[in-house]
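Working notes, structure below.
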Amino acid sequence: QVQLVESGGGLVQAGESLRLSCAASGSDFRLNAMAWYRQAPGKQRELVATLFYGGSAIYADSVKGRFTISRNNAKTTVYLQMNSLRPEDTAVYYCNTQLRGSDLWGRGTQVTVSS
């Protein structure tokens, strides 16, 4: 079964850190770009970070300098290290990639940052 499974969310205070993980299975994702999105209540889903096959990454302006996207050597897991968290980072975070031309999404993991 092809799937992405996120983990690592939780409730933290402003200024603290979390590391999210996305485990990819059921297909060969080694050549894929992988991304993290988030969706806050009442808002549209937005792109947080993308990691390309060659290792380059792009970030939303709102998280630059605070978040880092990476993957393990086997390229089966993608991480999002989130530092200096803010209340406005509160959202459900989703892992995403493209598979045969279609979006593949995980179910998401909730991140809540209290002030």
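In the structure tokens, chains take letters A, B, ... by order of appearance, with residues numbered from 1 within each chain and ligands from 1 in the order shown.
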Counting only C-alpha atoms, which residues of segment 34-53 of chain A sit at most 9 Å from some atom of segment 60-66 of chain A, and what is each one's closest atom pair with its distance in Å to one decimal, listed by chain and rising residue number, as CSV?
residue,atom,partner,partner_atom,distance
A:Glu46,CA,A:Ala60,CA,8.7
A:Leu47,CA,A:Ala60,CA,6.7
A:Val48,CA,A:Ala60,CA,5.2
A:Ala49,CA,A:Ala60,CA,6.3
Write the residues of the preceding selection, restricted to C-alpha atoms, as a compact mmCIF listing (two decimals), in the first residue's frame.
# COMPACT_ATOMS: atom_id res chain seq x y z
CA GLU A 46 -0.22 26.36 2.41
CA LEU A 47 3.18 25.13 1.33
CA VAL A 48 5.73 25.19 4.15
CA ALA A 49 8.82 23.60 2.60
When DSSP works through the backbone of this structure, what residues of chain A end up as strand (DSSP E), shown as a ChimeraX atom specification? /A:3-7,10-13,18-25,34-39,46-51,57-59,67-71,77-82,91-99,102-105,109-114
Pick out the residues sitting within 9 Å of Val5 of chain A, and hand them over as JSON, numbers by chain; count only C-alpha atoms, and ignore anything fewer than 2 positions along from it in its own chain. {"A": [3, 7, 21, 22, 23, 24, 25, 94, 95, 105, 106, 107, 108, 109]}
Mind dumping the selected residues with N, CA and C atoms as a PDB file, in the first residue's frame?
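out.pdb, written as the output of this step:
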ATOM      1  N   GLN A   3       1.716   4.856   0.826  1.00  0.00           N
ATOM      2  CA  GLN A   3       1.220   5.797   1.814  1.00  0.00           C
ATOM      3  C   GLN A   3       2.321   6.675   2.383  1.00  0.00           C
ATOM      4  N   SER A   7       4.115  11.927  11.716  1.00  0.00           N
ATOM      5  CA  SER A   7       4.139  11.791  13.175  1.00  0.00           C
ATOM      6  C   SER A   7       4.977  12.914  13.762  1.00  0.00           C
ATOM      7  N   SER A  21       8.007  13.886  11.350  1.00  0.00           N
ATOM      8  CA  SER A  21       8.517  12.851  10.457  1.00  0.00           C
ATOM      9  C   SER A  21       7.423  12.430   9.491  1.00  0.00           C
ATOM     10  N   CYS A  22       7.840  12.044   8.305  1.00  0.00           N
ATOM     11  CA  CYS A  22       6.918  11.514   7.296  1.00  0.00           C
ATOM     12  C   CYS A  22       7.543  10.258   6.724  1.00  0.00           C
ATOM     13  N   ALA A  23       6.931   9.119   7.023  1.00  0.00           N
ATOM     14  CA  ALA A  23       7.426   7.846   6.527  1.00  0.00           C
ATOM     15  C   ALA A  23       6.719   7.489   5.229  1.00  0.00           C
ATOM     16  N   ALA A  24       7.495   7.274   4.178  1.00  0.00           N
ATOM     17  CA  ALA A  24       6.949   6.937   2.858  1.00  0.00           C
ATOM     18  C   ALA A  24       7.145   5.458   2.595  1.00  0.00           C
ATOM     19  N   SER A  25       6.117   4.791   2.127  1.00  0.00           N
ATOM     20  CA  SER A  25       6.211   3.359   1.866  1.00  0.00           C
ATOM     21  C   SER A  25       5.318   2.955   0.710  1.00  0.00           C
ATOM     22  N   TYR A  94       0.890  18.410   6.871  1.00  0.00           N
ATOM     23  CA  TYR A  94       0.728  17.297   5.936  1.00  0.00           C
ATOM     24  C   TYR A  94       2.001  17.087   5.119  1.00  0.00           C
ATOM     25  N   CYS A  95       2.303  15.837   4.875  1.00  0.00           N
ATOM     26  CA  CYS A  95       3.384  15.455   3.979  1.00  0.00           C
ATOM     27  C   CYS A  95       2.803  15.249   2.584  1.00  0.00           C
ATOM     28  N   TRP A 105      -0.995  12.413  -0.341  1.00  0.00           N
ATOM     29  CA  TRP A 105      -1.013  13.115   0.937  1.00  0.00           C
ATOM     30  C   TRP A 105      -1.046  12.117   2.095  1.00  0.00           C
ATOM     31  N   GLY A 106      -0.438  12.529   3.192  1.00  0.00           N
ATOM     32  CA  GLY A 106      -0.650  11.813   4.430  1.00  0.00           C
ATOM     33  C   GLY A 106      -1.895  12.345   5.115  1.00  0.00           C
ATOM     34  N   ARG A 107      -2.191  11.774   6.293  1.00  0.00           N
ATOM     35  CA  ARG A 107      -3.391  12.193   7.021  1.00  0.00           C
ATOM     36  C   ARG A 107      -3.137  13.416   7.890  1.00  0.00           C
ATOM     37  N   GLY A 108      -1.893  13.757   8.091  1.00  0.00           N
ATOM     38  CA  GLY A 108      -1.575  14.950   8.849  1.00  0.00           C
ATOM     39  C   GLY A 108      -1.262  14.692  10.313  1.00  0.00           C
ATOM     40  N   THR A 109      -0.570  15.648  10.906  1.00  0.00           N
ATOM     41  CA  THR A 109      -0.273  15.606  12.331  1.00  0.00           C
ATOM     42  C   THR A 109      -0.487  17.006  12.903  1.00  0.00           C
TER      43      THR A 109
END
Give the answer as one residue: which of A:Gln98, A:Gln1, A:Thr112, A:Asn73 has the shortest atom-to-atom distance to Pro41 of chain A, using only C-alpha atoms?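 Smallest distance to Pro41 of chain A is found for A:Thr112.
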Name all residues at most 6 Å from segment 76-85 of chain A (count only C-alpha atoms; drop same-chain ones fewer than 5 positions away) and give them as a ChimeraX atom specification. /A:14-24,66-71
Calculated over only C-alpha atoms, which of the candidates A:Lys43, A:Arg86, A:Lys75, A:Arg38 has the smallest distance to Gln110 of chain A? A:Arg38
For atom CA of Leu51 of chain A and atom CA of Ala91 of chain A, quote the distance in Å rounded to one decimal. 20.2 Å
Would you list the contacts of Thr90 of chain A as a list in words, taking every protein, DNA or RNA residue within 7 Å and counting only C-alpha atoms, but skipping same-chain residues closer than 4 positions in sequence?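 The filter keeps Ala40, Val111, Thr112 and Val113 of chain A.
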Atom CA of Ala57 of chain A and atom CA of Val2 of chain A are how many Å apart?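 Between atom CA of Ala57 of chain A and atom CA of Val2 of chain A the gap works out to 24.1 Å.
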